[in-house]
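Next comes query-v1.txt, with compact mmCIF, C-alpha atoms and all ligand atoms.
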```txt
# COMPACT_ATOMS: atom_id res chain seq x y z
CA MET A 32 84.93 14.58 -1.54
CA THR A 33 84.90 18.10 -3.04
CA ASP A 34 88.25 19.80 -3.65
CA LEU A 35 87.09 23.31 -2.80
CA LEU A 36 83.97 24.77 -1.25
CA ILE A 37 83.04 28.46 -1.39
CA LYS A 38 80.75 29.21 1.54
CA ASN A 39 78.85 32.32 2.62
CA ILE A 40 78.10 33.59 -0.88
CA GLY A 41 75.75 36.53 -0.34
CA ILE A 42 74.54 36.71 -3.94
CA LEU A 43 75.41 34.38 -6.79
CA ALA A 44 74.67 36.21 -10.06
CA THR A 45 75.11 34.32 -13.32
CA PRO A 46 73.51 33.92 -16.72
CA GLU A 47 72.59 30.32 -17.52
CA GLY A 48 72.94 28.19 -20.63
CA ASN A 49 75.40 27.03 -23.24
CA GLY A 50 74.81 29.71 -25.84
CA PRO A 51 74.23 33.45 -26.26
CA LYS A 52 71.31 35.32 -24.72
CA ARG A 53 69.59 37.42 -27.33
CA GLY A 54 67.14 40.31 -27.10
CA LYS A 55 65.16 40.48 -23.85
CA GLU A 56 66.76 37.27 -22.59
CA GLN A 57 70.10 39.05 -22.21
CA GLY A 58 68.91 40.48 -18.89
CA ASP A 59 67.71 37.12 -17.50
CA ILE A 60 70.29 36.53 -14.82
CA GLY A 61 69.90 33.82 -12.22
CA ILE A 62 70.21 35.25 -8.71
CA LYS A 63 70.70 32.87 -5.79
CA LYS A 64 71.12 34.01 -2.20
CA ASN A 65 73.12 32.45 0.60
CA VAL A 66 74.49 29.51 -1.33
CA ALA A 67 77.71 27.52 -1.45
CA ILE A 68 79.59 26.29 -4.53
CA GLY A 69 81.54 23.02 -4.60
CA ILE A 70 84.38 22.41 -7.06
CA THR A 71 85.82 19.04 -8.04
CA PHE A 72 88.60 18.45 -10.59
CA GLY A 73 88.34 22.09 -11.70
CA LYS A 74 84.62 21.88 -12.43
CA ILE A 75 81.53 23.04 -10.58
CA SER A 76 80.09 20.04 -8.79
CA TYR A 77 77.68 21.56 -6.28
CA ILE A 78 75.51 24.70 -6.00
CA GLY A 79 73.15 24.85 -3.04
CA ASP A 80 72.66 25.14 0.71
CA ILE A 81 75.74 24.96 2.87
CA GLU A 82 73.98 22.43 5.14
CA GLU A 83 73.78 19.90 2.33
CA ALA A 84 77.18 20.66 0.81
CA PRO A 85 79.60 17.73 0.49
CA ALA A 86 82.73 17.65 2.65
CA ALA A 87 85.62 19.57 1.15
CA LYS A 88 89.40 19.50 1.33
CA GLU A 89 89.55 23.32 1.36
CA VAL A 90 86.96 25.96 2.23
CA ILE A 91 86.89 29.64 1.24
CA ASP A 92 84.64 32.12 3.05
CA ALA A 93 83.05 34.61 0.61
CA LYS A 94 81.92 36.67 3.63
CA GLY A 95 78.49 37.47 2.21
CA SER A 96 79.85 38.97 -1.03
CA LEU A 97 78.77 38.86 -4.65
CA VAL A 98 80.00 35.94 -6.77
CA THR A 99 79.88 35.84 -10.59
CA PRO A 100 81.48 33.83 -13.38
CA GLY A 101 85.05 34.77 -14.37
CA LEU A 102 85.04 37.54 -16.97
CA VAL A 103 85.63 36.68 -20.62
CA ASP A 104 87.50 39.25 -22.72
CA CYS A 105 86.45 38.17 -26.21
CA HIS A 106 88.36 40.83 -28.18
CA THR A 107 91.96 41.89 -27.54
CA HIS A 108 95.10 42.60 -29.54
CA LEU A 109 97.24 41.27 -26.70
CA VAL A 110 100.60 40.56 -28.34
CA PHE A 111 102.52 43.57 -29.63
CA GLY A 112 105.85 45.35 -29.44
CA GLY A 113 106.22 48.89 -28.08
CA TRP A 114 103.52 51.34 -27.07
CA ARG A 115 102.13 54.46 -28.74
CA GLN A 116 102.16 57.18 -26.12
CA HIS A 117 103.81 59.45 -28.71
CA GLU A 118 100.41 59.58 -30.47
CA MET A 119 98.88 61.40 -27.49
CA GLU A 120 99.87 64.80 -28.80
CA LEU A 121 98.34 64.18 -32.24
CA LYS A 122 95.27 62.68 -30.66
CA LEU A 123 94.74 65.66 -28.37
CA LYS A 124 95.12 67.98 -31.35
CA GLY A 125 92.22 66.09 -32.89
CA VAL A 126 94.10 64.21 -35.65
CA PRO A 127 91.73 61.35 -36.61
CA TYR A 128 92.73 57.74 -35.93
CA LEU A 129 92.60 56.78 -39.62
CA ASP A 130 94.76 59.80 -40.60
CA ILE A 131 97.50 58.67 -38.20
CA LEU A 132 97.37 55.23 -39.85
CA LYS A 133 97.40 56.73 -43.35
CA ALA A 134 100.57 58.65 -42.49
CA GLY A 135 102.30 55.37 -41.59
CA GLY A 136 101.74 55.63 -37.84
CA GLY A 137 99.04 53.94 -35.76
CA ILE A 138 98.84 50.20 -36.40
CA LEU A 139 101.86 50.44 -38.73
CA SER A 140 104.11 51.85 -36.02
CA THR A 141 103.17 48.90 -33.81
CA VAL A 142 103.88 46.59 -36.76
CA GLU A 143 107.41 47.94 -36.92
CA ALA A 144 107.95 47.43 -33.19
CA THR A 145 106.42 43.94 -33.26
CA ARG A 146 108.58 42.83 -36.18
CA LYS A 147 111.67 43.99 -34.29
CA ALA A 148 110.77 42.30 -31.00
CA THR A 149 112.02 38.79 -30.27
CA PHE A 150 109.65 35.95 -29.41
CA ASP A 151 110.81 36.07 -25.78
CA GLU A 152 110.28 39.81 -25.50
CA LEU A 153 106.75 39.51 -26.86
CA TYR A 154 106.04 36.53 -24.63
CA GLU A 155 107.26 38.17 -21.41
CA LYS A 156 105.33 41.34 -22.15
CA ALA A 157 102.08 39.54 -23.02
CA LYS A 158 102.48 37.29 -19.98
CA LYS A 159 102.72 40.25 -17.64
CA LEU A 160 99.72 41.92 -19.27
CA SER A 161 97.67 38.70 -19.09
CA LEU A 162 98.42 38.24 -15.40
CA THR A 163 97.29 41.82 -14.76
CA MET A 164 94.07 41.05 -16.63
CA LEU A 165 93.61 37.98 -14.45
CA ARG A 166 93.84 40.16 -11.33
CA TYR A 167 91.07 42.31 -12.81
CA GLY A 168 88.90 39.19 -13.08
CA THR A 169 89.46 38.16 -16.71
CA THR A 170 89.83 34.38 -16.83
CA THR A 171 89.49 33.84 -20.62
CA ILE A 172 91.17 36.00 -23.28
CA GLU A 173 90.79 36.13 -27.04
CA ALA A 174 93.98 37.42 -28.71
CA LYS A 175 94.42 38.56 -32.29
CA SER A 176 97.53 38.66 -34.43
CA GLY A 177 97.81 41.46 -36.99
CA TYR A 178 100.93 43.38 -36.01
CA GLY A 179 103.15 41.38 -38.33
CA LEU A 180 101.43 41.64 -41.69
CA GLU A 181 103.94 39.08 -42.99
CA LEU A 182 104.34 35.37 -42.37
CA GLU A 183 107.17 35.32 -39.85
CA THR A 184 105.81 37.92 -37.43
CA GLU A 185 102.19 36.75 -37.67
CA LEU A 186 103.41 33.25 -36.69
CA LYS A 187 105.55 34.74 -33.90
CA GLN A 188 102.52 36.49 -32.42
CA LEU A 189 100.29 33.41 -32.69
CA LYS A 190 102.97 31.18 -31.14
CA VAL A 191 103.23 33.57 -28.20
CA VAL A 192 99.52 32.97 -27.56
CA GLN A 193 100.07 29.22 -27.88
CA LYS A 194 102.79 29.39 -25.21
CA LEU A 195 100.65 31.60 -22.94
CA GLN A 196 97.94 28.91 -23.16
CA GLU A 197 100.46 26.26 -22.12
CA GLU A 198 102.00 28.24 -19.26
CA LEU A 199 99.33 30.41 -17.63
CA PRO A 200 96.19 29.65 -15.61
CA ILE A 201 94.09 31.48 -18.21
CA ASP A 202 92.28 30.21 -21.31
CA PHE A 203 93.27 31.81 -24.59
CA VAL A 204 91.51 31.80 -27.96
CA SER A 205 93.60 32.73 -30.95
CA THR A 206 92.51 34.79 -33.94
CA PHE A 207 94.49 35.34 -37.14
CA MET A 208 94.15 38.98 -38.20
CA GLY A 209 96.72 39.33 -40.96
CA ALA A 210 94.24 41.67 -42.66
CA HIS A 211 94.59 44.31 -39.94
CA ALA A 212 96.19 46.89 -42.27
CA VAL A 213 97.86 46.76 -45.67
CA SER A 214 101.54 46.09 -44.99
CA PRO A 215 104.09 48.78 -45.96
CA GLU A 216 105.49 46.38 -48.58
CA TYR A 217 102.10 46.28 -50.32
CA LYS A 218 101.22 49.96 -49.86
CA GLY A 219 98.47 50.91 -52.33
CA ARG A 220 98.07 47.26 -53.39
CA GLY A 221 95.46 45.95 -50.96
CA GLU A 222 94.20 43.30 -53.35
CA GLU A 223 97.65 41.79 -53.86
CA PHE A 224 98.22 41.88 -50.12
CA VAL A 225 95.03 39.91 -49.50
CA ASP A 226 96.16 37.38 -52.12
CA TYR A 227 99.48 37.09 -50.28
CA LEU A 228 97.68 36.49 -46.97
CA CYS A 229 95.34 33.95 -48.55
CA ASN A 230 98.03 32.04 -50.44
CA GLU A 231 101.09 32.27 -48.25
CA VAL A 232 100.15 33.05 -44.67
CA LEU A 233 96.72 31.53 -44.02
CA PRO A 234 97.70 28.01 -45.20
CA VAL A 235 100.58 27.94 -42.68
CA VAL A 236 98.49 29.40 -39.84
CA ALA A 237 95.76 26.83 -40.49
CA GLY A 238 98.21 23.98 -41.11
CA GLU A 239 99.93 24.59 -37.78
CA LYS A 240 96.54 25.03 -36.06
CA LEU A 241 97.62 28.39 -34.67
CA ALA A 242 94.25 30.14 -34.90
CA GLU A 243 90.61 29.28 -34.42
CA TYR A 244 89.20 32.50 -35.91
CA CYS A 245 90.02 34.88 -38.73
CA ASP A 246 89.27 38.61 -38.36
CA VAL A 247 89.52 41.48 -40.88
CA PHE A 248 89.57 45.27 -40.41
CA CYS A 249 86.78 46.27 -42.82
CA GLU A 250 87.14 50.05 -42.88
CA THR A 251 87.63 53.09 -45.12
CA GLY A 252 91.19 53.07 -46.46
CA VAL A 253 91.93 49.65 -44.97
CA PHE A 254 89.97 46.67 -46.44
CA ASP A 255 86.71 47.28 -48.30
CA PRO A 256 83.84 44.78 -47.98
CA GLY A 257 84.92 43.00 -51.19
CA LEU A 258 88.47 42.31 -50.00
CA SER A 259 87.24 41.53 -46.50
CA GLU A 260 84.86 38.95 -47.94
CA LYS A 261 87.62 37.40 -50.05
CA MET A 262 89.85 36.98 -47.00
CA LEU A 263 87.07 35.58 -44.83
CA LEU A 264 85.78 33.12 -47.42
CA LYS A 265 89.28 31.74 -47.86
CA ALA A 266 89.67 31.47 -44.07
CA LYS A 267 86.37 29.59 -43.93
CA GLU A 268 87.67 27.12 -46.53
CA TYR A 269 90.57 26.46 -44.17
CA GLY A 270 88.17 25.76 -41.30
CA LEU A 271 88.56 29.03 -39.41
CA LYS A 272 85.51 30.73 -37.87
CA LEU A 273 84.80 34.33 -38.81
CA LYS A 274 84.95 37.70 -37.08
CA ILE A 275 84.90 41.18 -38.64
CA HIS A 276 85.97 44.59 -37.34
CA ALA A 277 82.93 46.27 -38.84
CA ASP A 278 81.56 49.82 -38.84
CA GLU A 279 84.13 51.04 -36.30
CA ILE A 280 84.44 54.43 -37.97
CA ASP A 281 82.51 54.44 -41.25
CA PRO A 282 79.47 52.37 -42.24
CA ILE A 283 80.94 50.88 -45.43
CA GLY A 284 79.00 47.62 -45.26
CA GLY A 285 80.91 45.63 -42.61
CA GLY A 286 77.84 44.81 -40.51
CA GLU A 287 75.93 43.77 -43.62
CA LEU A 288 78.84 41.53 -44.65
CA ALA A 289 78.96 39.94 -41.19
CA GLY A 290 75.25 39.17 -41.48
CA ARG A 291 75.51 37.83 -45.02
CA LEU A 292 78.47 35.57 -44.17
CA GLY A 293 76.91 34.46 -40.88
CA ALA A 294 80.07 35.54 -39.02
CA ALA A 295 80.33 34.39 -35.42
CA SER A 296 80.72 38.00 -34.35
CA ALA A 297 81.09 41.54 -35.63
CA GLU A 298 83.31 43.89 -33.66
CA HIS A 299 82.85 47.59 -32.78
CA LEU A 300 79.65 48.38 -34.77
CA ILE A 301 79.75 52.04 -33.69
CA ALA A 302 78.36 53.15 -37.03
CA ALA A 303 76.30 50.03 -37.79
CA THR A 304 73.28 50.65 -40.02
CA ASP A 305 69.71 49.47 -39.36
CA GLU A 306 70.06 47.05 -42.28
CA GLY A 307 73.34 45.68 -40.93
CA ILE A 308 71.78 45.15 -37.51
CA ARG A 309 68.77 43.43 -39.10
CA LEU A 310 70.99 41.07 -41.09
CA MET A 311 73.22 40.27 -38.09
CA SER A 312 70.19 39.60 -35.95
CA LYS A 313 68.90 37.19 -38.61
CA SER A 314 72.23 35.36 -38.93
CA GLY A 315 72.78 35.12 -35.17
CA THR A 316 76.01 37.13 -35.40
CA ILE A 317 77.02 38.36 -31.95
CA GLY A 318 77.74 42.08 -31.63
CA VAL A 319 81.05 42.46 -29.80
CA LEU A 320 80.87 46.06 -28.60
CA LEU A 321 83.92 47.92 -27.36
CA PRO A 322 82.86 50.89 -25.23
CA ALA A 323 86.35 51.67 -23.92
CA THR A 324 87.42 52.27 -27.54
CA SER A 325 84.56 54.73 -28.12
CA PHE A 326 85.61 56.46 -24.94
CA TYR A 327 89.30 56.61 -25.82
CA LEU A 328 88.80 57.61 -29.48
CA ASP A 329 86.12 60.10 -28.45
CA LYS A 330 83.65 58.45 -30.81
CA PRO A 331 79.94 57.79 -30.44
CA PHE A 332 78.85 54.72 -28.48
CA ALA A 333 77.39 51.81 -30.45
CA ARG A 334 73.58 51.48 -30.45
CA ALA A 335 73.57 48.57 -28.04
CA ARG A 336 69.97 49.07 -26.88
CA HIS A 337 68.72 49.08 -30.47
CA MET A 338 70.71 45.90 -31.19
CA ILE A 339 69.19 44.16 -28.19
CA ASP A 340 65.71 45.36 -29.19
CA GLU A 341 66.32 43.90 -32.66
CA GLY A 342 67.11 40.52 -31.09
CA MET A 343 70.90 40.55 -31.30
CA ALA A 344 73.12 39.09 -28.60
CA VAL A 345 75.51 41.77 -27.35
CA ALA A 346 78.93 41.01 -25.85
CA CYS A 347 81.41 43.59 -24.54
CA ALA A 348 85.19 43.42 -24.54
CA SER A 349 88.20 45.60 -23.77
CA ASP A 350 89.69 45.72 -27.32
CA PHE A 351 92.99 46.02 -25.43
CA ASN A 352 95.62 47.29 -27.92
CA PRO A 353 98.33 49.97 -27.96
CA GLY A 354 96.37 52.40 -30.16
CA SER A 355 92.62 52.71 -29.82
CA SER A 356 92.21 51.10 -26.39
CA PRO A 357 95.31 50.88 -24.20
CA ASN A 358 93.14 49.68 -21.30
CA LEU A 359 93.13 46.04 -20.23
CA ASN A 360 90.62 46.34 -17.41
CA LEU A 361 87.42 44.66 -18.57
CA GLN A 362 85.62 46.05 -15.53
CA LEU A 363 85.94 49.52 -17.08
CA ALA A 364 84.35 48.33 -20.34
CA MET A 365 81.62 46.69 -18.29
CA ASN A 366 80.97 49.94 -16.40
CA LEU A 367 80.88 51.97 -19.63
CA ALA A 368 78.45 49.46 -21.15
CA CYS A 369 76.11 50.24 -18.32
CA LEU A 370 76.66 54.00 -18.15
CA ARG A 371 76.88 54.76 -21.87
CA TYR A 372 75.05 51.94 -23.67
CA LYS A 373 72.43 52.00 -20.91
CA LEU A 374 72.58 48.24 -20.50
CA THR A 375 71.17 47.09 -17.19
CA PRO A 376 73.71 45.55 -14.78
CA GLU A 377 72.20 42.16 -15.63
CA GLU A 378 72.58 42.69 -19.40
CA ALA A 379 76.12 44.01 -18.96
CA LEU A 380 77.12 41.03 -16.80
CA CYS A 381 75.85 38.69 -19.52
CA ALA A 382 77.80 40.75 -22.10
CA VAL A 383 81.14 40.05 -20.39
CA THR A 384 80.42 36.44 -19.39
CA LEU A 385 78.06 34.13 -21.31
CA ASN A 386 77.65 36.25 -24.46
CA ALA A 387 81.38 36.94 -24.58
CA ALA A 388 82.07 33.22 -24.17
CA SER A 389 79.60 32.54 -27.00
CA ALA A 390 81.46 34.97 -29.28
CA ILE A 391 84.54 32.74 -28.99
CA ASP A 392 82.69 29.42 -28.94
CA ARG A 393 83.38 28.67 -25.28
CA ALA A 394 79.85 28.92 -23.87
CA GLY A 395 79.79 25.16 -23.29
CA SER A 396 82.58 25.41 -20.75
CA VAL A 397 82.79 28.97 -19.36
CA GLY A 398 80.68 32.14 -19.04
CA SER A 399 78.30 30.92 -16.35
CA ILE A 400 78.31 29.17 -13.00
CA GLU A 401 76.44 25.93 -13.55
CA LEU A 402 76.99 22.28 -12.68
CA GLY A 403 79.60 20.73 -14.96
CA LYS A 404 81.07 24.00 -16.20
CA GLN A 405 84.67 24.97 -15.60
CA ALA A 406 85.13 26.58 -12.17
CA ASP A 407 86.05 30.10 -13.32
CA ILE A 408 84.69 32.23 -10.52
CA ILE A 409 85.07 35.76 -9.14
CA ILE A 410 84.42 36.66 -5.51
CA TRP A 411 83.90 40.42 -5.55
CA ASP A 412 84.58 42.99 -2.90
CA ALA A 413 80.94 43.98 -3.38
CA PRO A 414 77.62 43.16 -1.72
CA ASP A 415 75.49 43.01 -4.88
CA LEU A 416 75.48 43.32 -8.67
CA ASN A 417 74.60 47.02 -8.87
CA TYR A 418 77.64 47.84 -6.76
CA ILE A 419 80.19 46.64 -9.35
CA PHE A 420 78.62 48.88 -12.00
CA TYR A 421 78.29 51.83 -9.64
CA ARG A 422 81.79 51.88 -8.09
CA TYR A 423 83.53 52.33 -11.44
CA GLY A 424 87.25 53.05 -11.60
CA SER A 425 88.56 50.62 -9.00
CA ASN A 426 89.44 46.96 -9.10
CA LEU A 427 86.60 45.39 -7.12
CA VAL A 428 87.80 41.81 -7.52
CA ASP A 429 88.59 40.11 -4.23
CA THR A 430 89.43 36.54 -5.31
CA VAL A 431 89.83 34.91 -8.72
CA ILE A 432 89.35 31.17 -9.09
CA LYS A 433 90.44 29.63 -12.40
CA LYS A 434 89.63 25.99 -13.17
CA GLY A 435 89.14 25.52 -9.44
CA LEU A 436 92.52 27.03 -8.59
CA VAL A 437 92.57 29.98 -6.19
CA ILE A 438 94.82 32.55 -7.88
O1 LIG A 501 90.10 47.23 -32.79
N1 LIG A 501 90.70 48.96 -35.52
C1 LIG A 501 91.54 48.12 -35.67
N2 LIG A 501 92.20 47.48 -34.72
C2 LIG A 501 92.26 47.89 -33.37
C3 LIG A 501 93.22 48.99 -33.14
C4 LIG A 501 94.60 48.57 -33.34
C5 LIG A 501 95.63 49.64 -33.12
O2 LIG A 501 95.34 50.85 -33.20
O3 LIG A 501 96.78 49.23 -32.88
C6 LIG A 501 90.86 48.17 -32.86
O4 LIG A 501 90.49 49.29 -32.51
FE FE A 502 90.05 45.44 -32.20
```

Kindly transcribe the structure held in the file into structure tokens.
Ligand code: NIG
Ligand code: FE
Amino acid sequence: MTDLLIKNIGILATPEGNGPKRGKEQGDIGIKKNVAIGITFGKISYIGDIEEAPAAKEVIDAKGSLVTPGLVDCHTHLVFGGWRQHEMELKLKGVPYLDILKAGGGILSTVEATRKATFDELYEKAKKLSLTMLRYGTTTIEAKSGYGLELETELKQLKVVQKLQEELPIDFVSTFMGAHAVSPEYKGRGEEFVDYLCNEVLPVVAGEKLAEYCDVFCETGVFDPGLSEKMLLKAKEYGLKLKIHADEIDPIGGGELAGRLGAASAEHLIAATDEGIRLMSKSGTIGVLLPATSFYLDKPFARARHMIDEGMAVACASDFNPGSSPNLNLQLAMNLACLRYKLTPEEALCAVTLNAASAIDRAGSVGSIELGKQADIIIWDAPDLNYIFYRYGSNLVDTVIKKGLVI
């Protein structure tokens, strides 16, 4: 007996497989018409004709709509204190993002607010934000630390994610990003700060199993490729997988480093060089592109089409954070990927489902609707795939199903 049956699915659109889709394959989306999906013990147990579907305890009518996998937001900075609306004025005057940071604002102002916030305050805030994301169709969230820049607050942020994982009907993947900015205590002493992170913070994070990935902000005036490499190699020794914020603003060698280290993913890549793209393609590094950040920072859009042509797998995420992307709606990033990167709807769907799941090592369980995978499913208020890329700006999710649970 099936627990739940979704009947009257007009179009089921999903990538297929347990790993990333690279190059031309990114647009290979399976389209099935007029099917039903059965769910048992939170997993997909039937996909096929309604006539042959097993009996079910509960039935949902999709009313001829589009159904896709739950969305995977593979890059967020979810846990933070305060907001940064006071930066609007500077931003509108054209003060560059890195100049705000250099003057002690930007990331550092969120660091101050995050250090001050209690665990419960951070938890309640992140919980509310996560549940909003779920209503927008995001069923899996990667969350980075990096607003503590010292042991106690980095642990506080990571433990908030641990508790969210225990309490909410959402999957979380945790990333340690102590190297998000040089802390005020180590101002002008980036190398010593990286040593501090490597010797005093990372061992505790790894020992308490609080993070699966380590990420570094490799950028002008933040961490150069040498320091980024030092941090990442140490993280690798401790068993963490690697991500790099690379080429967000300046092409200082972040993409090349990601390729050389065989990082799981490289983030942003707005200014990625041809050589960086070639190396990442060779190493299988996934490009996690963040179009809502380009939009909000008024920066160019990453060369997604070129990356796909060079055989890279492209994922897209919200980059939700209080500075460069205060938007948590992954549908908006998905729309921008289509409109600005010129990804086809099929490629963009893969970018926020299977390829995003691959960027956080979850492609074996989520990111597609296939027998045996976790039942993370969206029923859209939309008749077909084009519609959800065309009707940008509204929440087109009708029903979210997480691990077989109707939310
Ligand atoms: O991915 N660039 C570094 N980190 C974030 C921004 C964080 C912030 O401004 O608070 C990003 O854009
Ligand atoms: Fe980011």

Residues within 9 Å of A:Thr384, please, as a CSV table (one decimal) with C-alpha atoms, keeping the file's coordinate frame. Count all atoms listed in the file; anything in the same chain fewer than 6 positions from it doesn't count.
```csv
chain,number,residue,atom,x,y,z
A,45,THR,CA,75.1,34.3,-13.3
A,46,PRO,CA,73.5,33.9,-16.7
A,99,THR,CA,79.9,35.8,-10.6
A,100,PRO,CA,81.5,33.8,-13.4
A,101,GLY,CA,85.0,34.8,-14.4
A,102,LEU,CA,85.0,37.5,-17.0
A,103,VAL,CA,85.6,36.7,-20.6
A,104,ASP,CA,87.5,39.2,-22.7
A,346,ALA,CA,78.9,41.0,-25.8
A,347,CYS,CA,81.4,43.6,-24.5
A,394,ALA,CA,79.8,28.9,-23.9
A,397,VAL,CA,82.8,29.0,-19.4
A,398,GLY,CA,80.7,32.1,-19.0
A,399,SER,CA,78.3,30.9,-16.4
```

Report as lines of an AutoDock Vina configuration file the centre and the edge lengths, in Å to one decimal, of the axis-aligned box holding every listed atom of stretch 389-394 of chain A, padded by 5 Å on each side.
```
center_x = 82.1
center_y = 31.8
center_z = -26.6
size_x = 14.9
size_y = 16.3
size_z = 15.4
```

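Neighbours of ligand LIG 501 (chain A) at a cut-off of 7 Å, computed so that all atoms listed in the file are counted, are the residues A:Gly137, A:Ile138, A:Thr141, A:His211, A:Phe248, A:His276, A:Glu279, A:Thr324, A:Asp350, A:Asn352, A:Pro353, A:Gly354, A:Ser355, A:Ser356.
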
Atomic separation - atom CA of A:Gly424 relative to atom CA of A:Lys159, Å: 21.0 Å

Length of the atom CA of A:Leu436 to atom CA of A:Glu401 vector [Å]: 16.9 Å

8 Å contact set for stretch 249-261 of chain A, all atoms listed in the file, chain neighbours under 3 positions out, as a list in words: Leu129, Lys133, Ala210, His211, Ala212, Val213, Gly221, Glu222, Val225, Leu264, Lys265, Ile275, His276, Ala277, Asp278, Glu279, Ile280, Asp281, Ile283, Gly284, Gly285 and Leu288 of chain A

Residue list as a PyMOL selection string for point (105.1, 48.6, -47.7), cut-off 10 Å, only C-alpha atoms: chain A and resi 135+139+180+213-220+224

Counting only C-alpha atoms and all ligand atoms, the option among A:Leu109, A:Ala289, A:Ile432, A:Leu367 closest to ligand FE 502 (chain A): A:Leu109

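We find atom CA of A:Leu320 and atom CA of A:Tyr372 to be spaced 9.6 Å apart.
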
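Counting all atoms listed in the file and comparing A:Cys245, A:Asn358, A:Asn366, A:Gly79, the residue that lies closest to A:Tyr418 is A:Asn366.
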
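Closest approach to A:Arg371 among A:Leu97, A:Asp329, A:Asp407, A:Pro322 is made by A:Pro322 (distances from all atoms listed in the file).
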
Best match for closeness to ligand FE 502 (chain A) among A:Arg166, A:Lys94, A:Lys175, A:His337, counting only C-alpha atoms and all ligand atoms: A:Lys175

Please identify all polymer residues within 12 Å of A:Asp59, counting only C-alpha atoms, omitting same-chain residues fewer than 6 positions from it, and present them as a CSV table (one decimal) with C-alpha atoms, keeping the file's coordinate frame.
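out_12.csv was written with the following content:
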```csv
chain,number,residue,atom,x,y,z
A,44,ALA,CA,74.7,36.2,-10.1
A,45,THR,CA,75.1,34.3,-13.3
A,46,PRO,CA,73.5,33.9,-16.7
A,47,GLU,CA,72.6,30.3,-17.5
A,48,GLY,CA,72.9,28.2,-20.6
A,51,PRO,CA,74.2,33.4,-26.3
A,52,LYS,CA,71.3,35.3,-24.7
A,53,ARG,CA,69.6,37.4,-27.3
A,375,THR,CA,71.2,47.1,-17.2
A,376,PRO,CA,73.7,45.6,-14.8
A,377,GLU,CA,72.2,42.2,-15.6
A,378,GLU,CA,72.6,42.7,-19.4
A,379,ALA,CA,76.1,44.0,-19.0
A,380,LEU,CA,77.1,41.0,-16.8
A,381,CYS,CA,75.8,38.7,-19.5
A,382,ALA,CA,77.8,40.8,-22.1
A,385,LEU,CA,78.1,34.1,-21.3
```

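Those residues that approach stretch 425-431 of chain A to within 9 Å, counting all atoms listed in the file, are Ala93, Gly101, Leu165, Arg166, Tyr167, Gly168, Thr169, Thr170, Asn360, Gln362, Leu363, Asp407, Ile408, Ile409, Ile410, Trp411, Asp412, Ala413, Ile419, Leu436, Val437 and Ile438 of chain A; same-chain residues fewer than 4 positions away are not listed.
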
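Nearest residue to ligand FE 502 (chain A) among A:Arg336, A:Lys64, A:His299, A:Arg115 is A:His299, counting all atoms listed in the file.
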
Option closest in space to A:Ser205, from A:Ile68, A:Ala344, A:Leu36, A:Ile391 [counting all atoms listed in the file]: A:Ile391

Quick one: stretch 89-102 of chain A from the block, C-alpha atoms, as a PDB file, in the first residue's frame.
```
ATOM      1  CA  GLU A  89      -4.034   9.456   0.629  1.00  0.00           C
ATOM      2  CA  VAL A  90      -4.465  10.949  -2.843  1.00  0.00           C
ATOM      3  CA  ILE A  91      -3.595  14.463  -4.048  1.00  0.00           C
ATOM      4  CA  ASP A  92      -5.003  15.817  -7.313  1.00  0.00           C
ATOM      5  CA  ALA A  93      -2.380  17.842  -9.238  1.00  0.00           C
ATOM      6  CA  LYS A  94      -5.184  19.077 -11.535  1.00  0.00           C
ATOM      7  CA  GLY A  95      -3.152  18.784 -14.720  1.00  0.00           C
ATOM      8  CA  SER A  96      -0.285  20.972 -13.449  1.00  0.00           C
ATOM      9  CA  LEU A  97       3.476  20.855 -13.780  1.00  0.00           C
ATOM     10  CA  VAL A  98       5.404  18.771 -11.244  1.00  0.00           C
ATOM     11  CA  THR A  99       9.176  19.015 -10.656  1.00  0.00           C
ATOM     12  CA  PRO A 100      11.660  17.969  -7.992  1.00  0.00           C
ATOM     13  CA  GLY A 101      11.897  20.169  -4.881  1.00  0.00           C
ATOM     14  CA  LEU A 102      14.360  23.011  -5.430  1.00  0.00           C
TER      15      LEU A 102
END
```
